[in-house]
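Engineer: What follows is entry07.txt; its format and atoms are compact mmCIF, C-alpha atoms.
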# COMPACT_ATOMS: atom_id res chain seq x y z
CA MET A 12 51.78 88.04 71.29
CA SER A 13 50.75 86.77 67.87
CA THR A 14 52.47 83.41 68.41
CA SER A 15 50.57 82.92 71.65
CA THR A 16 47.33 83.56 69.82
CA VAL A 17 48.22 80.94 67.26
CA ASP A 18 49.16 78.55 70.06
CA LEU A 19 45.82 79.14 71.71
CA GLN A 20 44.02 78.34 68.52
CA GLN A 21 46.01 75.21 67.84
CA ASP A 22 46.12 73.92 71.39
CA PRO A 23 43.16 71.65 72.03
CA HIS A 24 43.47 72.21 75.78
CA GLY A 25 43.43 75.96 75.40
CA HIS A 26 46.40 76.48 77.72
CA GLY A 27 48.50 78.27 75.16
CA ASP A 28 51.46 76.30 76.48
CA ASP A 29 53.61 74.85 73.76
CA GLY A 30 56.33 73.71 76.16
CA HIS A 31 58.61 76.61 75.30
CA GLY A 32 58.12 78.48 78.53
CA HIS A 33 55.54 80.96 77.23
CA ASP A 34 54.03 80.93 80.68
CA ASP A 35 57.19 82.42 82.16
CA PRO A 36 56.46 86.08 82.97
CA HIS A 37 60.02 86.97 81.88
CA HIS A 38 59.51 85.55 78.40
CA GLN A 39 59.31 88.39 75.88
CA HIS A 40 57.00 87.76 72.96
CA HIS A 41 59.55 88.45 70.22
CA PHE A 42 61.65 85.45 71.26
CA THR A 43 60.60 81.94 70.31
CA THR A 44 62.02 80.30 73.42
CA MET A 45 63.53 81.31 76.76
CA GLU A 46 66.80 79.78 75.60
CA GLN A 47 66.86 81.97 72.50
CA GLN A 48 66.13 85.00 74.67
CA PHE A 49 68.98 84.09 77.03
CA ASP A 50 71.47 83.50 74.21
CA THR A 51 70.55 86.81 72.59
CA SER A 52 71.13 88.73 75.82
CA LYS A 53 74.43 86.99 76.26
CA ILE A 54 75.67 87.89 72.76
CA GLY A 55 74.77 91.51 73.50
CA MET A 56 76.74 91.37 76.73
CA TRP A 57 79.78 89.89 75.01
CA LEU A 58 79.67 92.63 72.38
CA PHE A 59 79.68 95.18 75.19
CA LEU A 60 82.59 93.39 76.87
CA ALA A 61 84.54 93.51 73.59
CA THR A 62 84.13 97.30 73.54
CA GLU A 63 85.34 97.37 77.16
CA VAL A 64 88.46 95.47 76.14
CA LEU A 65 89.10 98.10 73.47
CA LEU A 66 88.38 100.97 75.87
CA PHE A 67 91.02 99.74 78.30
CA GLY A 68 93.15 98.56 75.38
CA GLY A 69 93.76 102.13 74.24
CA LEU A 70 95.13 102.96 77.68
CA PHE A 71 97.26 99.81 77.75
CA VAL A 72 98.79 100.68 74.36
CA GLY A 73 99.47 104.24 75.54
CA PHE A 74 101.06 102.93 78.71
CA GLY A 75 103.25 100.57 76.68
CA LEU A 76 104.45 103.38 74.41
CA MET A 77 105.25 105.74 77.28
CA GLN A 78 107.00 102.90 79.09
CA ALA A 79 109.22 102.47 76.02
CA ARG A 80 109.82 106.22 75.89
CA PHE A 81 110.66 106.70 79.59
CA PRO A 82 111.95 103.28 80.71
CA LEU A 83 114.14 104.60 83.54
CA GLU A 84 111.51 106.99 84.91
CA PHE A 85 108.82 104.30 84.78
CA LYS A 86 111.07 101.83 86.56
CA GLU A 87 111.79 104.33 89.33
CA ALA A 88 108.15 105.52 89.58
CA HIS A 89 106.80 102.00 89.91
CA GLU A 90 108.91 101.54 93.07
CA HIS A 91 106.42 103.92 94.77
CA LEU A 92 103.67 101.30 94.37
CA GLN A 93 103.45 98.74 97.15
CA ARG A 94 103.62 95.22 95.77
CA PRO A 95 101.93 93.55 98.80
CA LEU A 96 98.89 95.83 98.47
CA GLY A 97 98.61 95.09 94.76
CA ALA A 98 98.91 91.36 95.47
CA LEU A 99 96.29 91.62 98.22
CA ASN A 100 93.84 93.32 95.85
CA THR A 101 94.54 90.66 93.21
CA VAL A 102 93.66 87.90 95.68
CA VAL A 103 90.53 89.78 96.80
CA LEU A 104 89.31 90.20 93.20
CA LEU A 105 90.07 86.60 92.23
CA PHE A 106 88.19 85.38 95.29
CA SER A 107 85.25 87.66 94.45
CA SER A 108 85.21 86.20 90.93
CA TRP A 109 84.83 82.78 92.48
CA THR A 110 81.96 83.89 94.77
CA MET A 111 80.36 85.49 91.71
CA VAL A 112 80.49 82.34 89.62
CA MET A 113 79.14 80.36 92.61
CA GLY A 114 76.31 82.89 92.78
CA VAL A 115 75.45 82.25 89.13
CA LEU A 116 75.51 78.50 89.80
CA SER A 117 73.22 78.99 92.82
CA ALA A 118 70.74 81.01 90.75
CA ARG A 119 70.74 78.32 88.08
CA THR A 120 70.09 75.59 90.64
CA ASN A 121 67.26 77.46 92.42
CA GLN A 122 69.23 78.11 95.62
CA ARG A 123 67.95 81.52 96.54
CA LYS A 124 69.68 81.84 99.92
CA LYS A 125 73.09 80.77 98.60
CA LEU A 126 72.74 83.18 95.68
CA VAL A 127 72.20 86.14 98.02
CA VAL A 128 75.02 85.08 100.36
CA PHE A 129 77.50 84.70 97.50
CA LEU A 130 76.48 88.07 96.04
CA LEU A 131 76.91 89.77 99.42
CA ILE A 132 80.41 88.28 99.82
CA THR A 133 81.22 89.54 96.31
CA ILE A 134 80.06 93.04 97.27
CA LEU A 135 82.13 92.87 100.47
CA CYS A 136 85.22 91.94 98.43
CA ALA A 137 84.56 94.91 96.14
CA PHE A 138 84.52 97.24 99.15
CA VAL A 139 87.75 95.72 100.50
CA PHE A 140 89.32 96.34 97.07
CA LEU A 141 88.18 99.98 97.10
CA GLY A 142 89.40 100.39 100.69
CA VAL A 143 92.90 99.24 99.77
CA LYS A 144 92.80 101.50 96.72
CA TYR A 145 91.77 104.46 98.90
CA PHE A 146 94.71 103.77 101.20
CA GLU A 147 97.06 103.62 98.21
CA TYR A 148 95.67 106.77 96.57
CA SER A 149 95.87 108.88 99.76
CA HIS A 150 99.47 107.75 100.18
CA LYS A 151 100.26 108.92 96.64
CA PHE A 152 98.48 112.24 97.23
CA GLU A 153 100.56 112.89 100.36
CA GLU A 154 103.81 112.27 98.51
CA GLY A 155 102.78 114.48 95.57
CA LEU A 156 102.81 111.50 93.18
CA LEU A 157 100.09 112.99 91.01
CA PRO A 158 99.26 113.07 87.30
CA GLY A 159 100.45 115.68 84.81
CA HIS A 160 101.38 119.10 86.11
CA PHE A 161 100.02 118.25 89.59
CA TYR A 162 103.17 116.17 90.11
CA LYS A 163 104.90 117.57 93.19
CA HIS A 164 107.21 114.76 94.26
CA VAL A 165 110.80 115.71 95.08
CA GLY A 166 113.97 113.63 95.00
CA ASP A 167 113.59 111.89 91.63
CA LYS A 168 116.84 110.78 90.03
CA ILE A 169 116.32 112.06 86.48
CA GLN A 170 116.15 115.84 86.45
CA ILE A 171 115.97 118.14 83.42
CA ASP A 172 116.85 121.78 84.04
CA GLY A 173 116.15 121.34 87.74
CA HIS A 174 112.72 119.75 87.17
CA PRO A 175 111.82 116.07 87.39
CA SER A 176 111.65 114.38 84.00
CA PRO A 177 108.10 114.42 82.52
CA GLY A 178 108.29 110.62 82.54
CA TYR A 179 107.38 110.51 86.23
CA ALA A 180 104.21 112.56 85.87
CA THR A 181 103.35 110.53 82.75
CA PHE A 182 103.58 107.31 84.76
CA PHE A 183 101.17 108.63 87.37
CA SER A 184 98.83 110.05 84.74
CA PHE A 185 98.46 106.53 83.37
CA TYR A 186 98.36 105.00 86.83
CA PHE A 187 95.45 107.15 88.00
CA MET A 188 93.66 107.01 84.66
CA MET A 189 93.77 103.22 84.37
CA THR A 190 93.25 102.24 88.02
CA GLY A 191 90.66 105.03 88.32
CA LEU A 192 88.67 103.80 85.31
CA HIS A 193 88.95 100.30 86.72
CA GLY A 194 87.79 101.61 90.12
CA ILE A 195 84.74 103.22 88.48
CA HIS A 196 83.95 99.81 87.01
CA ILE A 197 84.16 98.32 90.52
CA VAL A 198 81.71 100.96 91.83
CA VAL A 199 79.30 100.25 88.96
CA GLY A 200 79.75 96.55 89.69
CA ILE A 201 78.76 97.07 93.35
CA ALA A 202 75.54 98.79 92.23
CA LEU A 203 74.75 95.97 89.79
CA LEU A 204 75.52 93.28 92.37
CA ALA A 205 73.30 95.00 94.94
CA TRP A 206 70.51 95.20 92.34
CA ILE A 207 70.60 91.47 91.56
CA ALA A 208 71.04 90.61 95.26
CA VAL A 209 67.76 92.45 96.02
CA ARG A 210 65.99 90.79 93.10
CA GLY A 211 67.46 87.44 94.08
CA SER A 212 66.26 87.78 97.67
CA ARG A 213 62.76 88.36 96.30
CA GLY A 214 63.03 85.04 94.51
CA GLU A 215 62.95 86.51 91.03
CA PHE A 216 65.56 84.13 89.63
CA ASN A 217 65.31 80.41 88.98
CA SER A 218 66.76 77.78 86.68
CA ASN A 219 64.52 79.05 83.89
CA TYR A 220 65.39 82.73 84.27
CA TYR A 221 68.68 84.01 85.69
CA THR A 222 69.90 86.17 82.79
CA PRO A 223 70.71 89.29 84.90
CA VAL A 224 72.81 87.22 87.32
CA ASP A 225 74.73 85.64 84.46
CA LEU A 226 75.37 88.95 82.66
CA VAL A 227 76.44 90.82 85.80
CA GLY A 228 78.72 87.85 86.43
CA LEU A 229 80.31 88.27 83.00
CA TYR A 230 80.83 91.99 83.71
CA TRP A 231 82.39 91.27 87.09
CA HIS A 232 84.78 88.70 85.60
CA LEU A 233 85.87 91.20 82.96
CA VAL A 234 86.69 93.73 85.68
CA ASP A 235 88.77 90.98 87.34
CA LEU A 236 90.39 90.11 84.02
CA ILE A 237 91.50 93.72 83.46
CA TRP A 238 93.02 93.84 86.93
CA ILE A 239 94.91 90.62 86.10
CA TYR A 240 96.80 92.71 83.52
CA LEU A 241 96.97 95.96 85.51
CA PHE A 242 98.60 94.25 88.48
CA PRO A 243 101.79 92.94 86.82
CA LEU A 244 102.16 95.98 84.54
CA TYR A 245 102.07 98.50 87.39
CA TYR A 246 103.26 96.63 90.45
CA LEU A 247 105.59 93.87 89.25
CA ILE A 248 107.53 94.72 86.11
CA THR A 249 110.79 96.46 86.87
CA MET B 2 71.41 77.21 79.28
CA SER B 3 73.10 74.11 77.95
CA GLU B 4 74.87 73.97 81.32
CA HIS B 5 71.62 72.69 82.83
CA THR B 6 72.69 69.17 82.08
CA HIS B 7 75.89 69.54 84.14
CA ASN B 8 76.17 68.18 87.62
CA PRO B 9 76.20 71.24 89.94
CA LYS B 10 78.62 69.61 92.37
CA ALA B 11 81.10 68.76 89.61
CA GLU B 12 80.74 72.31 88.31
CA ALA B 13 81.44 73.80 91.75
CA ALA B 14 84.55 71.59 91.99
CA VAL B 15 85.80 72.97 88.65
CA TYR B 16 85.30 76.54 89.92
CA ALA B 17 87.19 75.77 93.16
CA LYS B 18 90.09 74.26 91.19
CA THR B 19 90.12 77.31 88.90
CA LEU B 20 90.33 79.65 91.89
CA ILE B 21 93.18 77.66 93.47
CA THR B 22 95.10 77.63 90.17
CA LEU B 23 94.61 81.39 89.83
CA LEU B 24 95.90 81.99 93.36
CA ILE B 25 98.94 79.76 92.77
CA LEU B 26 99.70 81.64 89.53
CA THR B 27 99.42 84.94 91.42
CA ALA B 28 101.94 83.67 93.98
CA ILE B 29 104.25 82.56 91.14
CA THR B 30 104.07 85.91 89.34
CA VAL B 31 104.73 87.86 92.56
CA GLY B 32 107.65 85.54 93.39
CA ALA B 33 109.04 85.83 89.86
CA SER B 34 108.95 89.63 90.10
CA TYR B 35 111.70 89.46 92.74
CA ILE B 36 113.95 87.63 90.28
CA ASN B 37 115.54 89.71 87.56
CA PHE B 38 115.12 88.11 84.12
CA GLY B 39 116.30 91.29 82.43
CA ALA B 40 114.36 92.01 79.27
CA MET B 41 112.32 88.84 79.88
CA ASN B 42 110.62 90.35 82.97
CA VAL B 43 107.77 91.72 80.87
CA VAL B 44 107.42 88.48 78.92
CA VAL B 45 107.28 86.33 82.09
CA ALA B 46 104.75 88.60 83.85
CA LEU B 47 102.48 88.99 80.82
CA THR B 48 102.61 85.27 79.97
CA ILE B 49 101.40 84.39 83.48
CA ALA B 50 98.77 87.15 83.28
CA THR B 51 97.52 85.75 79.96
CA ILE B 52 97.27 82.23 81.41
CA LYS B 53 95.24 83.65 84.31
CA ALA B 54 93.00 85.69 81.99
CA THR B 55 92.41 82.59 79.83
CA LEU B 56 91.39 80.55 82.88
CA VAL B 57 88.93 83.27 83.94
CA ALA B 58 87.47 83.48 80.43
CA LEU B 59 87.18 79.70 79.91
CA PHE B 60 85.82 78.65 83.31
CA PHE B 61 84.39 81.64 85.20
CA MET B 62 82.97 83.23 82.04
CA HIS B 63 81.88 79.79 80.76
CA LEU B 64 83.47 80.21 77.32
CA LEU B 65 84.67 76.58 77.32
CA HIS B 66 81.14 75.15 77.14
CA ASP B 67 79.38 78.20 75.75
CA LYS B 68 78.01 78.86 72.27
CA PRO B 69 81.04 79.49 70.01
CA VAL B 70 79.74 82.90 68.91
CA ASN B 71 80.50 84.39 72.36
CA GLY B 72 84.08 83.14 72.25
CA LEU B 73 84.36 84.50 68.72
CA ILE B 74 83.28 87.97 69.88
CA ALA B 75 85.77 87.86 72.77
CA ALA B 76 88.56 86.69 70.47
CA ALA B 77 87.70 89.46 67.98
CA GLY B 78 88.04 92.08 70.73
CA PHE B 79 91.54 90.85 71.61
CA LEU B 80 92.47 90.41 67.94
CA PHE B 81 91.74 94.07 67.21
CA LEU B 82 93.56 95.11 70.36
CA GLY B 83 96.54 93.10 69.07
CA LEU B 84 96.39 94.85 65.68
CA PHE B 85 96.20 98.22 67.43
CA LEU B 86 99.22 97.41 69.59
CA MET B 87 101.23 95.87 66.75
CA PHE B 88 100.91 98.74 64.29
CA THR B 89 101.48 101.36 66.98
CA LEU B 90 104.64 99.59 68.13
CA LEU B 91 105.81 99.15 64.51
CA ASP B 92 105.48 102.88 64.01
CA PHE B 93 107.23 103.62 67.28
CA ASP B 94 110.09 101.17 66.74
CA THR B 95 110.90 102.32 63.22
CA ARG B 96 111.35 105.96 64.16
CA GLU B 97 114.83 107.28 64.60
CA ASN B 98 113.98 109.73 67.34
CA PRO B 99 110.77 108.92 69.18
CA LYS B 100 111.48 111.30 72.04
CA PRO B 101 110.08 114.83 71.88
CA PHE B 102 113.20 116.89 71.13
CA ASN B 103 112.57 119.38 73.92
CA LEU B 104 112.40 116.80 76.72
CA HIS B 105 115.86 115.28 76.56
CA PRO B 106 118.65 117.76 75.84
CA GLN B 107 121.05 115.04 74.69
CA VAL B 108 118.96 114.20 71.61
CA ALA B 109 118.11 117.79 70.74
CA ALA B 110 121.54 118.51 69.23
CA PRO B 111 121.82 116.67 65.87
CA ALA B 112 125.09 116.40 63.97
CA ALA B 113 125.59 119.56 61.91
CA ALA B 114 127.58 117.91 59.09
CA PRO B 115 125.16 118.12 56.12
CA ALA B 116 124.03 121.61 57.00
CA ALA B 117 125.17 122.97 53.60
CA THR B 118 122.42 121.20 51.66
CA ALA B 119 119.53 121.21 54.14
CA PRO B 120 117.88 124.17 55.83
CA ALA B 121 117.88 124.34 59.64
CA VAL B 122 115.25 121.67 60.27
CA THR B 123 115.54 118.81 62.74
CA PRO B 124 116.78 115.97 60.52
CA GLU B 125 114.90 112.69 60.51
CA HIS B 126 116.63 109.62 59.14
CA HIS B 127 114.17 107.20 57.62
Give the structure from this file in structure tokens form.
Structural biologist:
Amino acid sequence: MSTSTVDLQQDPHGHGDDGHGHDDPHHQHHFTTMEQQFDTSKIGMWLFLATEVLLFGGLFVGFGLMQARFPLEFKEAHEHLQRPLGALNTVVLLFSSWTMVMGVLSARTNQRKKLVVFLLITILCAFVFLGVKYFEYSHKFEEGLLPGHFYKHVGDKIQIDGHPSPGYATFFSFYFMMTGLHGIHIVVGIALLAWIAVRGSRGEFNSNYYTPVDLVGLYWHLVDLIWIYLFPLYYLIT
Amino acid sequence: MSEHTHNPKAEAAVYAKTLITLLILTAITVGASYINFGAMNVVVALTIATIKATLVALFFMHLLHDKPVNGLIAAAGFLFLGLFLMFTLLDFDTRENPKPFNLHPQVAAPAAAPAATAPAVTPEHH
């Protein structure tokens, strides 16, 4: 608060207001301006997103290597995934990304009601996504299409000594690991969206302060961006 | 916060156009998956995915009008992912026998011609 003290001393009116938004209750004293505070938070968020890219990246590289090792098994295993369901989830997530970005715009333009409505639609989309995923997972469980040594599916073409090739179980290990980690991100996203929806409904965000909305938006778009790659790799490529 | 100066209506229109483009690209990539391009299947699908990801990053994540440092961080993340992928694939592609020998019987039986000089170890030709 030392800067404020200086401002008070230098300000003939004694308001302590130097036009940099010091009156904003969200303004933390170690930032000169609200804009600097916002930019700093955003850089931190982008650094976190870069680590997320690398977290998923390791799995993508592993998937690519195993795909090269077991091309025939992977091709056959991917036929068990239903393309229309994957496409549906892609559309749902893309639409939710749009409602999210509209929510950020609403927060920035002081439209409290629109912000909450857009956030609620985004949450609804997230639940639709998880519902479709639940349907897909239970279908896989029933058919024994499970990771590692839990793999119980019968009737695969490539057999080694009377057992299905390990390529099939490897495919589903990666499938559940990658879509599961992505699904956990969706669940975390729902919690974050609910949190900012509650805060937004209380009128805590305005054109001067909407950092949490913006950062949750960035997170939600990254989750969408990862699905943009998961969808073709698992559902489309034959 | 530099976006303050933008016209909100124009901004909303950009977001709507981005969404429509993304949905059209999704339709294209699903349609293309029913056509067999052979080895190009992966290239076609991942090219469309990268276009979609770029649109999301530039417009929905505001990178187009954002401070360059954020784009730099994002680009660095993908750059290091690219390095990771490239060197792993280089290693994989330059190996004679990448399959574990016990998984595929057909590659577990190497030619026994130079057996006189070498002890009974699985030969690796590098």
Engineer: What lies within 8 Å of Met62 in chain B using all atoms listed in the file, ignoring chain neighbours under 3 positions off, as a PyMOL selection string?
Structural biologist: (chain A and resi 228-229+232) or (chain B and resi 57-59)
Engineer: Tell me which protein, DNA and RNA residues are within 12 Å of Trp206 in chain A, counting all atoms listed in the file, leaving out same-chain ones fewer than 6 positions away, and put them as a list in words.
Structural biologist: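 Counting only the stated atoms, we get Val127, Leu130, Leu131, Ile134, Val199, Gly200, Ser212, Arg213, Glu215, Pro223, Val224 and Val227 of chain A.
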Engineer: Compare B:Leu91, B:Leu82, B:Ile21, B:Val15 by their minimum atom-to-atom distance to chain A, counting only C-alpha atoms, and give me the closest one.
Structural biologist: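 Among the listed residues, the smallest separation from chain A belongs to B:Leu82.
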Engineer: What's around Leu23 in chain B at 10 Å? Count all atoms listed in the file, leave out sequence neighbours fewer than 4 positions away in its own chain, and write the answer as a list in words.
Structural biologist: Thr101, Val102, Leu105, Phe106 and Ile239 of chain A; Ala17, Lys18, Thr19, Thr27, Ala28, Ile29, Ile49, Ala50, Ile52, Lys53, Ala54, Leu56 and Val57 of chain B
Engineer: Return as a ChimeraX atom specification the residues belonging to chain B that are within 8 Å of chain A, counting all atoms listed in the file.
Structural biologist: /B:2,5,9,13,16-17,20,23-24,27,30-31,34,42-43,46-47,50-51,53-54,57-58,61-62,70-71,74-75,77-79,81-82,85-86,89-90,93,99-100,104-105
Engineer: One decimal, in Å: what's the spacing between CA of Phe38 in chain B and CA of Phe74 in chain A?
Structural biologist: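 Between these atoms lies a distance of 21.1 Å.
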